[in-house]
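Peer 1: Take a look at target_37.txt, compact mmCIF, C-alpha atoms:
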```txt
# COMPACT_ATOMS: atom_id res chain seq x y z
CA MET U 4 -14.66 -11.09 8.61
CA LEU U 5 -14.53 -8.34 6.01
CA THR U 6 -17.59 -6.13 5.62
CA LEU U 7 -17.98 -3.73 2.71
CA THR U 8 -20.37 -0.80 3.08
CA THR U 9 -22.16 0.48 0.01
CA PHE U 10 -25.49 2.05 -0.91
CA ARG U 11 -28.60 -0.14 -0.92
CA SER U 12 -29.76 1.48 -4.14
CA VAL U 13 -28.47 4.00 -6.67
CA PRO U 14 -29.92 5.83 -9.70
CA SER U 15 -29.88 3.48 -12.68
CA PHE U 16 -27.13 5.39 -14.55
CA ALA U 17 -24.76 4.76 -11.64
CA ALA U 18 -25.15 0.98 -11.55
CA GLY U 19 -21.82 -0.54 -12.56
CA TYR U 20 -19.95 2.63 -11.59
CA VAL U 21 -20.50 2.86 -7.83
CA ARG U 22 -17.18 3.27 -6.06
CA ASP U 23 -17.49 0.09 -4.03
CA LEU U 24 -16.54 -1.62 -7.32
CA ARG U 25 -12.88 -0.78 -6.71
CA VAL U 26 -12.95 -2.61 -3.40
CA ARG U 27 -15.05 -5.51 -4.67
CA TRP U 28 -12.54 -5.99 -7.51
CA ALA U 29 -9.56 -5.95 -5.13
CA LEU U 30 -11.28 -8.43 -2.81
CA GLU U 31 -11.93 -10.75 -5.75
CA GLU U 32 -8.31 -10.49 -6.93
CA ALA U 33 -7.19 -11.32 -3.38
CA GLY U 34 -9.65 -14.20 -3.05
CA LEU U 35 -11.03 -12.71 0.16
CA PRO U 36 -14.71 -13.36 0.96
CA TYR U 37 -16.75 -10.45 2.29
CA GLU U 38 -20.23 -9.50 3.29
CA LEU U 39 -22.16 -6.37 2.46
CA ARG U 40 -23.57 -3.73 4.78
CA LEU U 41 -26.19 -1.79 2.83
CA LEU U 42 -26.72 1.86 3.59
CA ASP U 43 -29.84 3.81 2.66
CA PHE U 44 -28.69 6.92 0.82
CA PRO U 45 -30.27 9.46 3.24
CA ASP U 46 -28.63 7.71 6.20
CA ALA U 47 -25.18 8.63 4.84
CA ALA U 48 -25.83 12.21 5.99
CA LEU U 49 -26.80 11.24 9.55
CA PRO U 50 -24.39 11.82 12.45
CA ALA U 51 -24.11 8.10 13.18
CA TYR U 52 -22.61 7.40 9.75
CA ARG U 53 -20.59 10.61 9.59
CA LYS U 54 -18.77 9.53 12.76
CA GLU U 55 -17.40 6.66 10.67
CA GLN U 56 -17.26 8.45 7.31
CA PRO U 57 -17.10 12.23 7.70
CA PHE U 58 -17.78 12.90 3.99
CA SER U 59 -20.96 10.74 3.85
CA GLN U 60 -19.40 8.61 1.16
CA ILE U 61 -19.06 4.94 0.39
CA PRO U 62 -17.19 2.57 0.27
CA MET U 63 -16.08 1.66 3.75
CA LEU U 64 -14.38 -1.60 4.72
CA GLN U 65 -14.51 -3.12 8.18
CA ASP U 66 -11.77 -5.66 8.91
CA GLY U 67 -12.26 -6.93 12.45
CA GLU U 68 -12.23 -3.84 14.63
CA LEU U 69 -10.61 -1.68 11.96
CA LYS U 70 -12.93 0.59 9.97
CA LEU U 71 -11.47 2.20 6.86
CA PHE U 72 -12.68 4.56 4.16
CA GLU U 73 -11.11 6.00 0.98
CA SER U 74 -10.77 3.35 -1.71
CA GLY U 75 -7.03 4.07 -2.02
CA ALA U 76 -6.42 3.40 1.67
CA ILE U 77 -8.62 0.30 1.59
CA LEU U 78 -6.65 -1.16 -1.35
CA LEU U 79 -3.38 -0.35 0.41
CA HIS U 80 -4.66 -2.21 3.47
CA LEU U 81 -5.75 -5.24 1.45
CA GLY U 82 -2.36 -5.16 -0.28
CA GLN U 83 -0.69 -5.98 3.05
CA ARG U 84 -2.06 -9.49 2.75
CA CYS U 85 -2.09 -9.88 -1.03
CA PRO U 86 1.18 -9.39 -2.95
CA LEU U 87 -0.73 -9.46 -6.23
CA LEU U 88 -2.29 -6.13 -5.19
CA LEU U 89 0.88 -4.69 -3.68
CA PRO U 90 4.31 -6.31 -4.23
CA GLN U 91 6.44 -7.04 -1.19
CA ASP U 92 9.70 -5.70 -2.62
CA PRO U 93 9.97 -2.16 -1.16
CA ASP U 94 10.95 -0.42 -4.42
CA ALA U 95 8.27 -2.18 -6.46
CA ARG U 96 5.75 -1.40 -3.73
CA ALA U 97 6.71 2.27 -3.77
CA GLN U 98 6.13 2.44 -7.55
CA VAL U 99 2.69 0.89 -7.15
CA THR U 100 1.78 3.49 -4.52
CA VAL U 101 3.00 6.21 -6.91
CA TRP U 102 0.44 5.04 -9.46
CA MET U 103 -2.31 4.58 -6.89
CA PHE U 104 -1.95 8.24 -5.92
CA ALA U 105 -1.55 9.25 -9.58
CA ALA U 106 -4.89 7.61 -10.40
CA LEU U 107 -6.69 9.38 -7.56
CA ASN U 108 -4.97 12.78 -7.54
CA SER U 109 -3.48 13.40 -11.00
CA VAL U 110 -6.11 11.75 -13.18
CA GLU U 111 -9.47 11.23 -11.46
CA PRO U 112 -10.18 14.89 -10.57
CA TYR U 113 -9.97 15.99 -14.21
CA LEU U 114 -12.04 13.12 -15.58
CA ALA U 115 -14.58 13.47 -12.78
CA ASN U 116 -15.03 17.17 -13.52
CA LEU U 117 -16.03 16.38 -17.07
CA ALA U 118 -18.28 13.47 -16.06
CA VAL U 119 -20.00 15.56 -13.37
CA LEU U 120 -20.47 18.47 -15.77
CA ASP U 121 -22.16 16.24 -18.33
CA ALA U 122 -24.26 14.32 -15.81
CA PHE U 123 -25.42 17.09 -13.49
CA HIS U 124 -24.95 20.51 -15.09
CA ALA U 125 -25.53 19.95 -18.83
CA GLY U 126 -28.69 22.07 -18.81
CA GLU U 127 -27.19 25.09 -17.11
CA ASP U 128 -26.24 28.27 -18.95
CA TRP U 129 -22.56 28.13 -18.05
CA ALA U 130 -21.96 24.46 -18.83
CA ALA U 131 -21.29 24.84 -22.56
CA GLY U 132 -18.77 27.61 -21.84
CA ALA U 133 -17.00 25.63 -19.16
CA ARG U 134 -16.76 22.39 -21.11
CA PRO U 135 -13.83 23.13 -23.46
CA ALA U 136 -11.42 23.93 -20.60
CA MET U 137 -12.55 20.84 -18.70
CA GLU U 138 -12.27 18.62 -21.76
CA GLU U 139 -8.79 19.95 -22.49
CA MET U 140 -7.60 19.07 -18.98
CA ALA U 141 -9.12 15.59 -19.19
CA LEU U 142 -7.56 15.03 -22.62
CA LYS U 143 -4.13 16.05 -21.36
CA ARG U 144 -4.23 13.43 -18.63
CA LEU U 145 -5.56 10.75 -20.97
CA ARG U 146 -2.78 11.54 -23.46
CA ASP U 147 -0.11 11.39 -20.74
CA LEU U 148 -1.45 8.05 -19.63
CA ASP U 149 -1.63 6.72 -23.17
CA ASP U 150 2.02 7.72 -23.70
CA TRP U 151 3.07 6.00 -20.46
CA LEU U 152 1.42 2.77 -21.61
CA ALA U 153 3.69 2.48 -24.67
CA GLY U 154 5.43 -0.85 -24.21
CA ARG U 155 3.67 -1.53 -20.92
CA ASP U 156 0.83 -3.90 -20.09
CA TRP U 157 0.32 -2.46 -16.60
CA LEU U 158 1.16 0.84 -14.93
CA ALA U 159 3.96 -0.33 -12.64
CA GLY U 160 5.45 -3.74 -13.37
CA ASP U 161 2.89 -6.50 -12.95
CA PHE U 162 -0.83 -5.99 -12.49
CA SER U 163 -1.49 -4.31 -9.13
CA ALA U 164 -3.89 -2.25 -7.06
CA ALA U 165 -2.80 0.76 -9.13
CA ASP U 166 -4.43 -0.77 -12.21
CA ILE U 167 -7.66 -1.37 -10.30
CA LEU U 168 -7.81 2.32 -9.41
CA MET U 169 -6.71 3.64 -12.80
CA CYS U 170 -9.07 1.45 -14.83
CA SER U 171 -11.92 2.50 -12.53
CA VAL U 172 -11.01 6.13 -13.03
CA VAL U 173 -10.73 5.83 -16.81
CA ARG U 174 -14.22 4.28 -16.90
CA LEU U 175 -15.52 7.73 -15.93
CA MET U 176 -15.04 8.54 -19.63
CA ASP U 177 -17.42 5.79 -20.81
CA SER U 178 -20.14 8.38 -21.38
CA THR U 179 -17.86 10.42 -23.69
CA ASP U 180 -16.05 9.56 -26.93
CA LEU U 181 -12.66 10.78 -25.70
CA LEU U 182 -11.13 7.34 -25.35
CA GLN U 183 -11.54 6.76 -29.07
CA ARG U 184 -8.39 8.81 -29.61
CA PHE U 185 -6.19 6.62 -27.42
CA ASP U 186 -5.59 3.11 -28.68
CA ARG U 187 -3.16 2.04 -25.98
CA LEU U 188 -5.40 3.29 -23.23
CA ARG U 189 -8.42 1.49 -24.64
CA ALA U 190 -6.39 -1.74 -24.95
CA TYR U 191 -5.23 -1.29 -21.34
CA GLN U 192 -8.77 -0.74 -20.13
CA ALA U 193 -9.93 -3.85 -21.99
CA ARG U 194 -7.04 -5.85 -20.47
CA CYS U 195 -8.13 -4.76 -16.99
CA MET U 196 -11.79 -5.49 -17.61
CA GLN U 197 -11.09 -8.94 -19.00
CA ARG U 198 -9.80 -10.08 -15.63
CA PRO U 199 -12.18 -12.58 -14.00
CA ALA U 200 -12.03 -10.63 -10.73
CA PHE U 201 -13.28 -7.47 -12.44
CA LYS U 202 -16.08 -9.36 -14.19
CA LYS U 203 -17.19 -10.98 -10.93
CA ALA U 204 -17.11 -7.67 -9.05
CA LEU U 205 -19.07 -5.88 -11.76
CA ALA U 206 -21.64 -8.66 -12.02
CA ASP U 207 -22.13 -8.61 -8.25
CA GLN U 208 -22.66 -4.85 -8.20
CA LEU U 209 -25.09 -4.99 -11.10
CA ALA U 210 -27.01 -7.85 -9.47
CA LEU U 211 -27.45 -5.83 -6.28
CA TYR U 212 -28.87 -2.84 -8.10
CA LYS U 213 -31.15 -4.93 -10.23
CA GLN U 214 -32.78 -6.50 -7.15
CA GLU U 215 -33.28 -3.25 -5.29
CA PRO U 216 -35.77 -0.55 -6.20
CA ALA U 217 -34.10 2.51 -7.71
CA ALA U 218 -33.43 5.49 -5.48
CA ALA U 219 -35.94 8.32 -5.64
CA MET G 6 21.17 11.13 -0.58
CA LEU G 7 17.68 12.51 -1.10
CA THR G 8 17.07 14.80 -4.06
CA LEU G 9 13.88 16.82 -4.42
CA THR G 10 12.90 18.03 -7.89
CA THR G 11 11.01 21.29 -8.19
CA PHE G 12 10.70 24.21 -10.60
CA ARG G 13 13.53 26.71 -10.82
CA SER G 14 11.07 29.58 -10.92
CA VAL G 15 7.32 30.12 -10.67
CA PRO G 16 4.91 33.04 -11.15
CA SER G 17 4.99 35.22 -8.04
CA PHE G 18 1.47 34.28 -6.90
CA ALA G 19 2.54 30.64 -6.65
CA ALA G 20 5.54 31.22 -4.36
CA GLY G 21 4.76 29.60 -1.01
CA TYR G 22 2.20 27.28 -2.62
CA VAL G 23 4.32 25.13 -4.97
CA ARG G 24 3.65 21.48 -4.30
CA ASP G 25 7.21 20.63 -3.34
CA LEU G 26 6.30 22.30 -0.03
CA ARG G 27 4.54 19.13 1.09
CA VAL G 28 7.71 17.13 0.61
CA ARG G 29 10.01 19.80 2.07
CA TRP G 30 7.80 19.91 5.17
CA ALA G 31 7.86 16.13 5.58
CA LEU G 32 11.63 16.05 5.14
CA GLU G 33 12.01 18.73 7.84
CA GLU G 34 9.70 16.84 10.21
CA ALA G 35 11.79 13.71 9.60
CA GLY G 36 15.06 15.58 10.03
CA LEU G 37 16.28 14.29 6.68
CA PRO G 38 18.69 16.51 4.71
CA TYR G 39 18.11 16.83 0.96
CA GLU G 40 19.36 18.63 -2.06
CA LEU G 41 17.36 20.30 -4.80
CA ARG G 42 17.26 19.54 -8.50
CA LEU G 43 15.85 22.58 -10.25
CA LEU G 44 13.79 22.12 -13.38
CA ASP G 45 13.10 24.84 -15.92
CA PHE G 46 9.34 24.94 -16.46
CA PRO G 47 9.44 24.24 -20.24
CA ASP G 48 11.67 21.20 -19.65
CA ALA G 49 8.88 19.49 -17.72
CA ALA G 50 7.13 18.85 -21.05
CA LEU G 51 10.17 17.25 -22.69
CA PRO G 52 10.36 13.48 -23.23
CA ALA G 53 13.37 13.15 -20.92
CA TYR G 54 11.40 14.41 -17.94
CA ARG G 55 8.16 12.74 -18.92
CA LYS G 56 9.92 9.37 -18.79
CA GLU G 57 10.35 10.04 -15.07
CA GLN G 58 7.17 12.04 -14.51
CA PRO G 59 4.53 11.29 -17.15
CA PHE G 60 2.28 14.22 -16.15
CA SER G 61 5.07 16.86 -16.37
CA GLN G 62 4.55 17.74 -12.70
CA ILE G 63 6.70 18.35 -9.67
CA PRO G 64 7.62 17.28 -7.00
CA MET G 65 9.73 14.20 -7.53
CA LEU G 66 11.96 12.61 -4.92
CA GLN G 67 15.02 10.53 -5.69
CA ASP G 68 16.18 8.27 -2.85
CA GLY G 69 19.25 6.38 -4.04
CA GLU G 70 18.13 4.58 -7.18
CA LEU G 71 14.45 5.00 -6.43
CA LYS G 72 12.63 7.82 -8.21
CA LEU G 73 9.17 8.69 -6.95
CA PHE G 74 6.46 11.17 -7.85
CA GLU G 75 3.04 12.02 -6.35
CA SER G 76 3.39 13.83 -3.04
CA GLY G 77 1.17 11.23 -1.33
CA ALA G 78 3.43 8.37 -2.40
CA ILE G 79 6.55 10.32 -1.47
CA LEU G 80 5.22 10.98 2.04
CA LEU G 81 4.26 7.33 2.40
CA HIS G 82 7.81 6.38 1.42
CA LEU G 83 9.37 8.83 3.87
CA GLY G 84 7.02 7.51 6.54
CA GLN G 85 8.76 4.12 6.34
CA ARG G 86 11.72 5.67 8.11
CA CYS G 87 9.95 8.25 10.24
CA PRO G 88 7.22 7.09 12.66
CA LEU G 89 6.25 10.70 13.30
CA LEU G 90 5.01 10.83 9.70
CA LEU G 91 3.49 7.35 9.70
CA PRO G 92 2.99 5.37 12.91
CA GLN G 93 4.31 1.82 13.06
CA ASP G 94 1.24 0.26 14.65
CA PRO G 95 -0.67 -1.25 11.69
CA ASP G 96 -4.13 0.05 12.67
CA ALA G 97 -2.86 3.56 13.42
CA ARG G 98 -0.93 3.51 10.16
CA ALA G 99 -4.04 2.48 8.24
CA GLN G 100 -5.98 5.43 9.70
CA VAL G 101 -3.23 7.83 8.67
CA THR G 102 -3.33 6.48 5.11
CA VAL G 103 -7.13 6.94 5.13
CA TRP G 104 -6.63 10.65 5.81
CA MET G 105 -3.77 10.97 3.32
CA PHE G 106 -6.07 9.72 0.57
CA ALA G 107 -8.97 11.79 1.95
CA ALA G 108 -6.87 14.96 1.65
CA LEU G 109 -5.89 14.18 -1.94
CA ASN G 110 -9.07 12.59 -3.30
CA SER G 111 -12.03 13.76 -1.19
CA VAL G 112 -10.93 17.32 -0.40
CA GLU G 113 -8.25 18.68 -2.75
CA PRO G 114 -10.16 18.25 -6.04
CA TYR G 115 -13.05 20.45 -4.85
CA LEU G 116 -10.87 23.15 -3.35
CA ALA G 117 -8.56 23.11 -6.37
CA ASN G 118 -11.51 23.58 -8.74
CA LEU G 119 -12.47 26.78 -6.97
CA ALA G 120 -8.88 28.03 -6.75
CA VAL G 121 -8.24 27.29 -10.45
CA LEU G 122 -11.50 28.97 -11.46
CA ASP G 123 -10.57 32.14 -9.57
CA ALA G 124 -6.94 32.17 -10.70
CA PHE G 125 -7.26 31.21 -14.35
CA HIS G 126 -10.84 31.61 -15.58
CA ALA G 127 -12.24 34.58 -13.64
CA GLY G 128 -12.51 36.71 -16.78
CA GLU G 129 -14.40 34.16 -18.86
CA ASP G 130 -18.14 34.40 -19.55
CA TRP G 131 -19.01 31.13 -17.91
CA ALA G 132 -16.97 31.54 -14.72
CA ALA G 133 -19.56 33.51 -12.75
CA GLY G 134 -22.20 30.93 -13.60
CA ALA G 135 -20.00 28.00 -12.66
CA ARG G 136 -18.78 29.43 -9.37
CA PRO G 137 -21.80 28.80 -7.09
CA ALA G 138 -21.80 25.04 -7.76
CA MET G 139 -18.03 24.88 -7.26
CA GLU G 140 -18.17 26.95 -4.07
CA GLU G 141 -20.96 24.76 -2.71
CA MET G 142 -18.86 21.61 -3.23
CA ALA G 143 -15.81 23.21 -1.61
CA LEU G 144 -17.90 24.42 1.34
CA LYS G 145 -19.35 20.97 1.90
CA ARG G 146 -15.90 19.44 2.22
CA LEU G 147 -14.66 22.24 4.47
CA ARG G 148 -17.72 21.80 6.70
CA ASP G 149 -17.21 18.03 6.88
CA LEU G 150 -13.61 18.59 7.86
CA ASP G 151 -14.50 21.23 10.44
CA ASP G 152 -16.99 18.81 12.02
CA TRP G 153 -14.40 16.02 12.12
CA LEU G 154 -11.98 18.29 13.97
CA ALA G 155 -14.36 18.72 16.94
CA GLY G 156 -12.37 17.44 19.91
CA ARG G 157 -9.35 16.58 17.73
CA ASP G 158 -6.02 18.34 17.37
CA TRP G 159 -4.96 16.23 14.37
CA LEU G 160 -6.82 14.19 11.78
CA ALA G 161 -5.84 10.69 12.91
CA GLY G 162 -4.35 10.41 16.41
CA ASP G 163 -1.05 12.28 16.66
CA PHE G 164 0.33 14.65 14.05
CA SER G 165 1.18 12.71 10.88
CA ALA G 166 1.78 12.90 7.14
CA ALA G 167 -2.00 13.20 6.76
CA ASP G 168 -1.89 16.61 8.45
CA ILE G 169 0.89 17.76 6.12
CA LEU G 170 -1.27 16.92 3.12
CA MET G 171 -4.53 18.27 4.53
CA CYS G 172 -3.06 21.55 5.73
CA SER G 173 -1.43 22.03 2.32
CA VAL G 174 -4.75 21.34 0.62
CA VAL G 175 -6.70 23.71 2.87
CA ARG G 176 -4.20 26.48 2.07
CA LEU G 177 -5.68 26.45 -1.46
CA MET G 178 -8.49 28.51 0.12
CA ASP G 179 -6.16 31.31 1.27
CA SER G 180 -7.27 33.45 -1.67
CA THR G 181 -10.94 33.15 -0.64
CA ASP G 182 -12.82 34.07 2.56
CA LEU G 183 -14.41 30.65 2.96
CA LEU G 184 -12.30 29.60 5.93
CA GLN G 185 -13.73 32.47 7.98
CA ARG G 186 -16.80 30.32 8.57
CA PHE G 187 -14.89 27.44 10.14
CA ASP G 188 -13.24 28.18 13.48
CA ARG G 189 -11.98 24.68 14.17
CA LEU G 190 -10.49 24.35 10.72
CA ARG G 191 -8.69 27.70 11.00
CA ALA G 192 -7.33 26.71 14.41
CA TYR G 193 -6.16 23.39 12.93
CA GLN G 194 -4.47 25.12 10.03
CA ALA G 195 -2.72 27.51 12.43
CA ARG G 196 -1.61 24.55 14.59
CA CYS G 197 -0.07 22.91 11.52
CA MET G 198 1.60 26.09 10.32
CA GLN G 199 3.12 26.85 13.72
CA ARG G 200 5.26 23.74 13.49
CA PRO G 201 8.93 24.62 13.06
CA ALA G 202 9.22 22.14 10.19
CA PHE G 203 6.47 23.91 8.24
CA LYS G 204 8.05 27.32 8.86
CA LYS G 205 11.45 26.10 7.71
CA ALA G 206 10.02 24.47 4.58
CA LEU G 207 8.01 27.56 3.67
CA ALA G 208 10.95 29.89 4.27
CA ASP G 209 13.17 27.70 2.07
CA GLN G 210 10.65 27.70 -0.76
CA LEU G 211 10.14 31.46 -0.54
CA ALA G 212 13.90 32.04 -0.48
CA LEU G 213 14.34 30.04 -3.68
CA TYR G 214 11.71 32.01 -5.56
CA LYS G 215 12.99 35.33 -4.33
CA GLN G 216 16.45 34.64 -5.78
CA GLU G 217 15.25 33.44 -9.10
CA PRO G 218 13.68 35.57 -11.82
CA ALA G 219 9.97 34.96 -12.24
CA ALA G 220 8.81 32.70 -15.04
CA ALA G 221 7.55 34.40 -18.16
```
What is this file in structure tokens?
Peer 2:
Amino acid sequence: MLTLTTFRSVPSFAAGYVRDLRVRWALEEAGLPYELRLLDFPDAALPAYRKEQPFSQIPMLQDGELKLFESGAILLHLGQRCPLLLPQDPDARAQVTVWMFAALNSVEPYLANLAVLDAFHAGEDWAAGARPAMEEMALKRLRDLDDWLAGRDWLAGDFSAADILMCSVVRLMDSTDLLQRFDRLRAYQARCMQRPAFKKALADQLALYKQEPAAA
Amino acid sequence: MLTLTTFRSVPSFAAGYVRDLRVRWALEEAGLPYELRLLDFPDAALPAYRKEQPFSQIPMLQDGELKLFESGAILLHLGQRCPLLLPQDPDARAQVTVWMFAALNSVEPYLANLAVLDAFHAGEDWAAGARPAMEEMALKRLRDLDDWLAGRDWLAGDFSAADILMCSVVRLMDSTDLLQRFDRLRAYQARCMQRPAFKKALADQLALYKQEPAAA
């Protein structure tokens, strides 16, 4: 049995963007059923949870006795049993892992900085001064990505776990207008989000957070 | 033959911290000989290089016909032929990949933000205002890591590729005094850096940048 850990409730602006979505999407692509383990937000900071997840984050995935965190590592694990997520040919597999790490280390940090600045620091004195440098870094990565997508439908050969991670990362820009400048990237994002597995995963996350009372 | 791409020269403050070090270290641990391909910094922005490395970054590793970027993906690839980097038991391997992604996605972005602020934006009006929030995020991750290391010599079982990445990430704090607060983390970093493979990799990188004129 596969068990996915996520928060029981989140602030309303986060619904549809909680990081368990990456894992839900991969599980749907792989056709693997799973159950949820719902964590109350304050409990993430307690020693019992931090023994499993030292950074107090979600998602986690339990697969039998194995407990994993980090969405990249979870998708790599699921890829062992689903060639659609991770091809079996060693060279093709290596290229998919390149793009999984690229999404999480070369792109996400820059987009997340901008999203966090806008969401949590917009009212602070220094935020307006900091924003141009942060936007410039985010734009550089978006431009690089847009260039890479010339003549490509997916990042590395066929659709893979790398596209799940990259599309999720690019969605961090939904609250900005930066994507308007990048036609290929927007078409790529739309291609990803048209997949039935994405739609099912998103609908399931939204349904959870509609049922539950919002976090304080 | 393995070929590692890195910059021909770097500003003096970067010597010893260029990201090819992660790959050099892994290659030394694995006992794999390699040659260098030296890239002039401006050439990284040219279309010819961006076809191989869309973000204009180093390192890259060429292994026969296979060309890889992203240090995490390169270490994962090298781990296929070196169980010291990546154990063969599937559950142990999964835990190592958890900590590889944790180093690059849950720790590095926060430490890098602080290091980049200090190195490149210290003179700007907004930097002093931005620093407390950035330092707080970096401290949280360092504290989480320090707690995890209680009773552990390495992040996930024996020494692995995860420790190469995490030690390299933690070294981003060398220009601050934040590590002084975390005894276990400093002991861990020292344990990593006492390894002959680390010392050899560092000495080789420093030797390269001593020979070459500094970048403009």
Peer 1: Pull the closest atom pair for each residue of stretch 71-169 of chain U that gets at most 12 Å from stretch 14-22 of chain U, along with the distance in Å to one decimal, counting all atoms listed in the file, ordering rows by chain and then ascending residue number, as JSON lines.
Peer 2:
```
{"residue": "U:Phe72", "atom": "CA", "partner": "U:Arg22", "partner_atom": "CA", "distance": 11.2}
{"residue": "U:Glu73", "atom": "CA", "partner": "U:Arg22", "partner_atom": "CA", "distance": 9.7}
{"residue": "U:Ser74", "atom": "CA", "partner": "U:Arg22", "partner_atom": "CA", "distance": 7.7}
{"residue": "U:Gly75", "atom": "CA", "partner": "U:Arg22", "partner_atom": "CA", "distance": 11.0}
{"residue": "U:Ile77", "atom": "CA", "partner": "U:Arg22", "partner_atom": "CA", "distance": 11.9}
{"residue": "U:Ala118", "atom": "CA", "partner": "U:Ala17", "partner_atom": "CA", "distance": 11.7}
{"residue": "U:Val119", "atom": "CA", "partner": "U:Ala17", "partner_atom": "CA", "distance": 11.9}
{"residue": "U:Ala122", "atom": "CA", "partner": "U:Phe16", "partner_atom": "CA", "distance": 9.5}
{"residue": "U:Phe123", "atom": "CA", "partner": "U:Phe16", "partner_atom": "CA", "distance": 11.9}
{"residue": "U:Ile167", "atom": "CA", "partner": "U:Arg22", "partner_atom": "CA", "distance": 11.4}
{"residue": "U:Leu168", "atom": "CA", "partner": "U:Arg22", "partner_atom": "CA", "distance": 10.0}
```
Peer 1: Pick from U:Arg53, U:Arg189, U:Lys203, U:Arg198: nearest to chain G, with all atoms listed in the file counted?
Peer 2: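 For chain G, the nearest of the given residues is U:Arg53.
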Peer 1: Give one line per residue of chain G that approaches chain U to at most 8 Å, naming the two atoms of the closest pair and their distance in Å to one decimal, counting only C-alpha atoms; sort by chain then ascending residue number and deliver it as a Markdown table.
Peer 2:
```
| residue | atom | partner | partner_atom | distance |
| --- | --- | --- | --- | --- |
| G:Lys56 | CA | U:Trp151 | CA | 7.8 |
| G:Pro59 | CA | U:Asp147 | CA | 5.9 |
| G:Phe60 | CA | U:Asp147 | CA | 5.9 |
| G:Leu71 | CA | U:Asp94 | CA | 6.8 |
| G:Leu73 | CA | U:Val101 | CA | 6.6 |
| G:Phe74 | CA | U:Val101 | CA | 6.1 |
| G:Glu75 | CA | U:Val101 | CA | 5.8 |
| G:Gly77 | CA | U:Phe104 | CA | 6.3 |
| G:Ala78 | CA | U:Val101 | CA | 5.0 |
| G:Ile79 | CA | U:Val101 | CA | 7.7 |
| G:His82 | CA | U:Ala97 | CA | 6.7 |
| G:Asp96 | CA | U:Leu69 | CA | 6.7 |
| G:Ala99 | CA | U:His80 | CA | 6.7 |
| G:Gln100 | CA | U:Leu71 | CA | 7.0 |
| G:Thr102 | CA | U:Ala76 | CA | 5.6 |
| G:Val103 | CA | U:Ala76 | CA | 5.0 |
| G:Phe106 | CA | U:Glu73 | CA | 6.3 |
| G:Ala107 | CA | U:Glu73 | CA | 6.2 |
| G:Leu109 | CA | U:Asn108 | CA | 5.8 |
| G:Asn110 | CA | U:Leu107 | CA | 5.8 |
| G:Ser111 | CA | U:Phe58 | CA | 7.8 |
| G:Pro114 | CA | U:Pro112 | CA | 5.6 |
| G:Asp130 | CA | U:Gly132 | CA | 7.2 |
| G:Trp131 | CA | U:Trp129 | CA | 4.6 |
| G:Ala132 | CA | U:Trp129 | CA | 7.3 |
| G:Gly134 | CA | U:Trp129 | CA | 5.3 |
| G:Ala135 | CA | U:Trp129 | CA | 6.0 |
| G:Arg146 | CA | U:Phe58 | CA | 7.0 |
| G:Asp149 | CA | U:Pro57 | CA | 5.9 |
| G:Leu150 | CA | U:Pro57 | CA | 7.3 |
| G:Asp152 | CA | U:Pro57 | CA | 7.9 |
| G:Trp153 | CA | U:Pro57 | CA | 6.4 |
```
Peer 1: Would you compute the distance between atom CA of G:Leu177 and atom CA of G:Arg157? Give it in Å to one decimal.
Peer 2: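 Calculated distance between atom CA of G:Leu177 and atom CA of G:Arg157 is 21.9 Å.
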Peer 1: Please measure the separation of atom CA of G:Ala53 and atom CA of U:Asp186, giving the value in Å to one decimal.
Peer 2: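 That distance, rounded to one decimal, is 22.8 Å.
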Peer 1: So, counting only C-alpha atoms, which residue among G:Ser180, G:Ser165, G:Gln194, G:Thr10 is closest to G:Leu91?
Peer 2: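 Going through G:Ser180, G:Ser165, G:Gln194, G:Thr10 one by one, the smallest distance to G:Leu91 is for G:Ser165.
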Peer 1: In Å, with one decimal, what is the gap from atom CA of U:Glu38 to atom CA of U:Pro199?
Peer 2: 19.3 Å
Peer 1: Please write as an NGL selection string the list of polymer residues whose atoms come within 12 Å of (12.1, 12.3, 7.8), counting only C-alpha atoms and keeping to the coordinates of the file.
Peer 2: :G and (7 or 28-39 or 79-91 or 165-166 or 202)
Peer 1: Which one is closest to G:Gly69: G:Leu184, G:Val15, G:Leu41, G:Met6? Count only C-alpha atoms.
Peer 2: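 Among G:Leu184, G:Val15, G:Leu41, G:Met6, it is G:Met6 that comes nearest to G:Gly69.
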Peer 1: Show me, as JSON, numbers by chain, the residues that have an atom within 6 Å of G:Leu43 when counting only C-alpha atoms, minus same-chain residues fewer than 6 positions from it.
Peer 2: {"G": [10, 11, 12, 13]}
Peer 1: Which is closer to G:Gln67 than all the others in G:Leu26, G:Leu183, G:Leu9, G:Ala212, using all atoms listed in the file?
Peer 2: G:Leu9
Peer 1: Reconstruct N, CA and C atoms of stretch 203-207 of chain U from the incomplete input and present them as a compact mmCIF listing (two decimals), keeping the file's coordinate frame.
Peer 2:
```txt
# COMPACT_ATOMS: atom_id res chain seq x y z
N LYS U 203 -16.40 -10.52 -12.08
CA LYS U 203 -17.19 -10.98 -10.93
C LYS U 203 -17.66 -9.78 -10.11
N ALA U 204 -16.76 -8.84 -9.86
CA ALA U 204 -17.11 -7.67 -9.05
C ALA U 204 -18.21 -6.85 -9.73
N LEU U 205 -18.07 -6.66 -11.03
CA LEU U 205 -19.07 -5.88 -11.76
C LEU U 205 -20.43 -6.59 -11.76
N ALA U 206 -20.38 -7.90 -12.00
CA ALA U 206 -21.64 -8.66 -12.02
C ALA U 206 -22.33 -8.59 -10.65
N ASP U 207 -21.54 -8.67 -9.59
CA ASP U 207 -22.13 -8.61 -8.25
C ASP U 207 -22.75 -7.24 -7.98
```
